[in-house]
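S.K.: Data: coords.txt, compact mmCIF, C-alpha atoms.
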# COMPACT_ATOMS: atom_id res chain seq x y z
CA MET A 26 -13.41 4.34 25.13
CA THR A 27 -11.26 2.00 23.05
CA GLY A 28 -8.02 0.41 24.23
CA TRP A 29 -5.85 2.76 26.24
CA LEU A 30 -7.49 5.97 24.98
CA PRO A 31 -8.44 8.18 27.94
CA ALA A 32 -11.48 9.61 26.10
CA PRO A 33 -13.70 8.83 23.08
CA ALA A 34 -11.95 8.99 19.70
CA GLU A 35 -13.97 11.96 18.43
CA GLU A 36 -13.11 13.96 21.52
CA LEU A 37 -9.40 13.30 21.07
CA PHE A 38 -9.03 13.31 17.28
CA GLY A 39 -11.95 15.34 16.01
CA PRO A 40 -15.30 14.68 14.28
CA GLY A 41 -15.47 11.48 12.27
CA ALA A 42 -12.65 9.72 14.12
CA VAL A 43 -13.21 6.00 14.71
CA ALA A 44 -11.03 3.86 16.98
CA SER A 45 -10.57 0.09 17.00
CA GLN A 46 -8.15 -2.36 18.54
CA ALA A 47 -6.89 -5.73 17.31
CA TYR A 48 -3.82 -7.76 18.24
CA ASP A 49 -2.88 -5.14 20.85
CA LEU A 50 -2.61 -2.43 18.19
CA LEU A 51 -4.80 0.64 18.62
CA THR A 52 -5.94 2.08 15.27
CA VAL A 53 -7.71 5.39 14.72
CA ASP A 54 -9.20 6.35 11.33
CA VAL A 55 -9.79 10.06 10.72
CA PRO A 56 -11.03 12.18 7.79
CA SER A 57 -8.22 13.56 5.66
CA GLY A 58 -9.19 17.12 6.53
CA GLY A 59 -8.40 16.46 10.19
CA TRP A 60 -5.08 14.69 9.57
CA THR A 61 -2.77 17.35 11.03
CA ALA A 62 -5.03 18.03 14.02
CA ALA A 63 -5.27 14.30 14.79
CA ALA A 64 -1.49 13.84 14.65
CA THR A 65 -1.03 16.89 16.86
CA SER A 66 -3.47 15.49 19.42
CA ALA A 67 -1.68 12.14 19.39
CA ARG A 68 1.60 13.86 20.14
CA ASP A 69 0.45 16.46 22.67
CA ARG A 70 -2.45 14.75 24.45
CA LEU A 71 -1.42 11.11 24.28
CA GLY A 72 2.35 11.48 24.49
CA CYS A 73 2.93 9.72 21.14
CA ASP A 74 6.01 11.80 20.34
CA PHE A 75 8.10 9.01 18.79
CA PHE A 76 7.62 8.99 15.02
CA ASP A 77 8.10 5.41 13.78
CA TRP A 78 7.00 5.36 10.11
CA LEU A 79 4.54 6.67 7.53
CA SER A 80 3.46 4.93 4.34
CA ALA A 81 0.41 4.13 2.23
CA VAL A 82 -1.63 1.28 0.78
CA ASP A 83 -3.38 1.42 -2.59
CA GLU A 84 -6.99 0.32 -2.06
CA PRO A 85 -8.61 -0.06 -5.53
CA GLY A 86 -11.99 1.61 -5.71
CA THR A 87 -11.39 3.46 -2.42
CA GLY A 88 -8.19 5.50 -2.57
CA PHE A 89 -4.80 5.58 -0.89
CA LEU A 90 -4.84 4.62 2.78
CA VAL A 91 -2.09 6.69 4.42
CA CYS A 92 -0.84 5.18 7.69
CA LEU A 93 1.14 6.85 10.46
CA HIS A 94 2.67 4.75 13.25
CA LEU A 95 3.48 6.60 16.47
CA VAL A 96 4.68 5.38 19.86
CA ALA A 97 4.34 6.73 23.40
CA LEU A 98 7.58 5.71 25.09
CA PRO A 99 7.74 4.63 28.75
CA GLY A 100 6.99 7.61 30.94
CA GLY A 101 4.94 9.31 28.22
CA GLY A 102 1.20 9.33 27.66
CA PRO A 103 -1.54 10.72 29.89
CA ASP A 104 -0.84 8.25 32.71
CA GLY A 105 2.91 7.88 32.36
CA GLY A 106 2.64 4.34 31.03
CA GLY A 107 4.16 2.90 27.89
CA PRO A 108 5.38 1.97 25.48
CA ARG A 109 2.09 2.26 23.59
CA ALA A 110 1.68 2.20 19.83
CA LEU A 111 -0.91 4.09 17.81
CA LEU A 112 -1.72 3.61 14.13
CA LEU A 113 -3.34 6.72 12.69
CA ARG A 114 -4.92 6.33 9.24
CA THR A 115 -6.75 8.39 6.66
CA THR A 116 -7.82 7.91 3.03
CA VAL A 117 -7.21 10.23 0.08
CA PRO A 118 -8.92 9.66 -3.31
CA HIS A 119 -7.05 8.31 -6.33
CA ALA A 120 -8.14 11.32 -8.39
CA GLU A 121 -6.72 13.87 -5.91
CA PRO A 122 -4.11 12.14 -3.73
CA GLU A 123 -3.17 15.05 -1.50
CA LEU A 124 -2.57 15.24 2.25
CA ALA A 125 -1.10 17.94 4.50
CA THR A 126 2.51 17.34 5.47
CA LEU A 127 3.45 16.40 9.04
CA THR A 128 7.01 17.71 8.80
CA GLY A 129 6.06 20.59 11.09
CA LEU A 130 5.19 18.08 13.82
CA PHE A 131 7.73 15.31 13.21
CA ALA A 132 11.05 15.93 11.46
CA GLY A 133 11.24 12.23 10.59
CA ALA A 134 8.13 12.55 8.42
CA ALA A 135 10.17 14.28 5.69
CA TRP A 136 11.88 11.10 4.47
CA HIS A 137 8.76 8.94 4.71
CA GLU A 138 6.55 11.44 2.87
CA ARG A 139 9.14 11.66 0.08
CA GLU A 140 9.06 7.88 -0.29
CA THR A 141 5.25 7.76 -0.19
CA HIS A 142 5.05 10.50 -2.82
CA GLU A 143 7.53 8.67 -5.04
CA MET A 144 5.99 5.22 -4.73
CA PHE A 145 2.27 6.10 -4.64
CA GLY A 146 2.03 9.63 -6.04
CA VAL A 147 0.50 11.12 -2.89
CA ARG A 148 1.30 14.84 -2.67
CA PHE A 149 2.10 16.50 0.65
CA PRO A 150 1.56 20.29 0.41
CA GLY A 151 3.94 22.18 2.69
CA HIS A 152 6.68 19.55 2.46
CA PRO A 153 10.11 21.23 2.10
CA GLY A 154 11.09 19.07 -0.90
CA LEU A 155 9.52 16.01 -2.50
CA GLU A 156 12.50 15.20 -4.72
CA PRO A 157 12.97 11.57 -5.88
CA LEU A 158 14.49 9.43 -3.17
CA LEU A 159 14.84 5.81 -4.33
CA LEU A 160 14.09 5.54 -8.05
CA PRO A 161 16.57 6.33 -10.84
CA ASP A 162 16.48 9.64 -12.70
CA GLY A 163 13.86 9.77 -15.41
CA PHE A 164 11.71 7.00 -13.94
CA GLU A 165 8.04 7.46 -14.82
CA GLY A 166 5.10 6.34 -12.72
CA HIS A 167 4.59 5.18 -9.16
CA PRO A 168 5.55 1.50 -8.79
CA LEU A 169 3.52 0.67 -5.66
CA ARG A 170 0.21 1.58 -7.24
CA LYS A 171 -1.89 -1.45 -8.08
CA ASP A 172 -2.37 -0.27 -11.68
CA PHE A 173 1.35 0.16 -12.34
CA VAL A 174 2.47 -2.18 -15.13
CA LEU A 175 5.53 -4.30 -14.31
CA ALA A 176 7.06 -4.10 -17.77
CA ALA A 177 9.96 -6.38 -16.86
CA ARG A 178 7.53 -9.26 -16.54
CA VAL A 179 6.56 -8.86 -20.19
CA VAL A 180 10.02 -9.80 -21.45
CA LYS A 181 10.83 -12.24 -18.66
CA ALA A 182 8.30 -14.75 -17.36
CA TRP A 183 7.33 -14.34 -13.74
CA PRO A 184 8.18 -17.22 -11.37
CA GLY A 185 5.27 -19.61 -11.70
CA ALA A 186 4.74 -19.18 -15.44
CA LYS A 187 5.49 -22.86 -15.69
CA GLU A 188 4.34 -25.44 -13.20
CA PRO A 189 6.80 -27.96 -11.74
CA GLY A 190 7.17 -31.01 -14.00
CA GLU A 191 5.77 -29.39 -17.13
CA ALA A 192 7.54 -30.02 -20.43
CA GLY A 193 9.18 -27.40 -22.62
CA ALA A 194 7.64 -25.01 -25.15
CA GLY A 195 4.44 -26.12 -26.81
CA ALA A 196 3.33 -28.51 -24.06
CA PRO A 197 -0.38 -28.16 -23.23
CA ARG A 198 -1.00 -26.44 -19.93
CA ARG A 199 -3.72 -24.44 -18.30
CA ARG A 200 -3.63 -20.66 -18.41
CA GLN A 201 -1.84 -19.14 -15.44
CA MET A 202 -3.38 -16.34 -13.40
CA LEU A 203 -1.21 -13.22 -13.55
CA PRO A 204 -0.44 -11.37 -10.31
CA PRO A 205 -1.39 -7.66 -9.99
CA GLY A 206 0.69 -5.45 -12.28
CA VAL A 207 1.81 -8.25 -14.59
CA PRO A 208 0.25 -7.69 -18.05
CA ASP A 209 -0.59 -10.34 -20.60
CA PRO A 210 2.46 -10.29 -22.94
CA ASN A 211 0.15 -10.85 -25.90
CA GLU A 212 -1.76 -7.65 -25.06
CA TRP A 213 1.00 -5.30 -23.86
CA GLY A 214 4.70 -4.95 -24.74
CA PRO A 215 7.01 -5.84 -27.63
CA LEU A 216 5.37 -9.25 -28.23
CA LYS A 217 1.83 -7.87 -28.44
CA GLY A 218 -0.30 -9.80 -30.90
CA THR A 219 2.46 -12.22 -31.89
CA LEU A 220 1.98 -15.05 -29.42
CA PRO A 221 -0.26 -18.06 -30.06
CA ASP A 222 -3.19 -18.79 -27.81
CA VAL A 223 -2.43 -20.82 -24.71
CA PRO A 224 -3.16 -24.49 -25.54
CA VAL A 225 -6.14 -26.01 -23.81
CA ARG A 226 -5.38 -29.12 -21.82
CA ARG A 227 -7.17 -32.09 -23.37
CA ALA A 228 -9.27 -34.41 -21.27
CA ALA A 229 -7.76 -37.82 -20.61
CA PRO A 230 -9.18 -40.63 -22.83
CA GLY A 231 -12.21 -42.36 -21.38
CA ARG A 232 -13.27 -39.56 -19.01
CA GLY A 233 -16.08 -38.38 -21.26
CA ALA A 234 -17.43 -41.93 -21.64
CA ALA A 235 -17.25 -42.42 -17.90
CA ARG A 236 -19.38 -39.33 -17.35
CA ARG A 237 -21.98 -40.57 -19.84
In structure tokens, how does this file's structure come out?
M.R.:
Amino acid sequence: MTGWLPAPAEELFGPGAVASQAYDLLTVDVPSGGWTAAATSARDRLGCDFFDWLSAVDEPGTGFLVCLHLVALPGGGPDGGGPRALLLRTTVPHAEPELATLTGLFAGAAWHERETHEMFGVRFPGHPGLEPLLLPDGFEGHPLRKDFVLAARVVKAWPGAKEPGEAGAGAPRRRQMLPPGVPDPNEWGPLKGTLPDVPVRRAAPGRGAARR
């Protein structure tokens, strides 16, 4: 058994469930097909009836890692202890990001699944209404995906485009690494193909002779 689980993970959460514990947080990973059954077991068998939050993480090359955080309050759980937190996770593929809704188990899941659908594009069949929640009308795309282009950074340099102490335009500097989602303005956007190459910083006089 792992952590405070009263039985092996597969017995409690179904085939393929794997439990681990780090920093006092118990985490259980389950196949996406057993998502609803695992959440039901957490609520009914472990007393984790307090819904805290649900969200996702975009894992490039793997899929969307959907995370559900539940808590067994004092007096709950199989032995009456608590509070005890449980992080239940599953992965859905980028090509078909779909996962059964938990609104039938936890009313609070409705808001969180709407946000996760809006920000990551994960669909939750059975949800009573996945209408936009945070983004303005007409917004296209899912801004928390790693491949989402931050267009605003094309027209306005991101903080760090210039290093402290560097001179104004045209001063030689090394090419900056762009954070995820920030495109090269010379390859995407209204300035595409119009910007000069980034100047290469010249070696200080005498360094080459010193090496020889």
S.K.: For Arg139 (chain A), please output as a PyMOL selection string all residues within 7 Å (counting only C-alpha atoms; exclusion window: fewer than 4 positions along the same chain).
M.R.: chain A and resi 135+143+155-156+158
S.K.: Identify which of the residues A:Ala125, A:Val43, A:Ala134, A:Leu159 lies closest to Leu79 (chain A), counting all atoms listed in the file when measuring atom-to-atom distances.
M.R.: A:Ala134
S.K.: With a distance cut-off of 8 Å and only C-alpha atoms, select the neighbouring residues of Phe75 (chain A), excluding the residue or stretch itself and same-chain residues fewer than 3 positions from it, and output the selection as number ranges by chain.
M.R.: A: 95-98
S.K.: Of the candidates A:Pro108, A:Pro161, A:Gly146, A:Pro40, which one gets nearest to Phe173 (chain A) if we count only C-alpha atoms?
M.R.: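 Checking each of A:Pro108, A:Pro161, A:Gly146, A:Pro40 against Phe173 (chain A), counting only C-alpha atoms, the winner is A:Gly146.
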S.K.: One number please: CA of Tyr48 (chain A) to CA of Cys73 (chain A), in Å, one decimal.
M.R.: 19.0 Å
S.K.: Applying 10 Å and all atoms listed in the file, which residues near region 30-35 of chain A remain after dropping the ones on its own chain fewer than 6 positions away? List them as a ChimeraX atom specification.
M.R.: /A:41-45,51,53-55,63,70-71,102-104,111
S.K.: Using all atoms listed in the file, determine which residues lie at most 12 Å from Ala120 (chain A), disregarding the query and same-chain residues fewer than 5 positions distant; provide the list as a short mmCIF file (atom, residue, chain, number, x, y, z; two decimals) with C-alpha atoms, in the frame of the given file.
M.R.:
data_model
loop_
_atom_site.label_atom_id
_atom_site.label_comp_id
_atom_site.auth_asym_id
_atom_site.auth_seq_id
_atom_site.Cartn_x
_atom_site.Cartn_y
_atom_site.Cartn_z
CA PRO A 85 -8.61 -0.06 -5.53
CA GLY A 86 -11.99 1.61 -5.71
CA THR A 87 -11.39 3.46 -2.42
CA GLY A 88 -8.19 5.50 -2.57
CA PHE A 89 -4.80 5.58 -0.89
CA GLY A 146 2.03 9.63 -6.04
CA VAL A 147 0.50 11.12 -2.89
CA ARG A 148 1.30 14.84 -2.67
#
S.K.: Write out as an NGL selection string each polymer residue whose atoms come within 9 Å of region 131-133 of chain A, counting only C-alpha atoms; drop sequence neighbours fewer than 5 positions from it.
M.R.: :A and (74-78)
S.K.: Emit the selected residues as a PDB file, in the frame of the given file, including C-alpha atoms.
M.R.:
ATOM      1  CA  ASP A  74       6.010  11.800  20.340  1.00  0.00           C
ATOM      2  CA  PHE A  75       8.100   9.010  18.790  1.00  0.00           C
ATOM      3  CA  PHE A  76       7.620   8.990  15.020  1.00  0.00           C
ATOM      4  CA  ASP A  77       8.100   5.410  13.780  1.00  0.00           C
ATOM      5  CA  TRP A  78       7.000   5.360  10.110  1.00  0.00           C
TER       6      TRP A  78
END
S.K.: Just how far from CA of Thr52 (chain A) is CA of Met144 (chain A), in Å to one decimal?
M.R.: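 Distance reported for this atom pair: 23.5 Å.
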S.K.: Let me make sure I understand: among A:Ala64, A:Leu169, A:Met26, A:Leu37, which one has the smallest atom-to-atom distance to Val82 (chain A) if we use all atoms listed in the file?
M.R.: A:Leu169
S.K.: Of the candidates A:Trp60, A:His152, A:Leu93, A:Asp83, which one gets nearest to His167 (chain A) if we count only C-alpha atoms?
M.R.: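 Distance minimum relative to His167 (chain A) lands on A:Asp83.
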S.K.: Any idea what the distance is between CA of Trp213 (chain A) and CA of Phe145 (chain A)?
M.R.: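 Computing it gives 22.4 Å between the two atoms.
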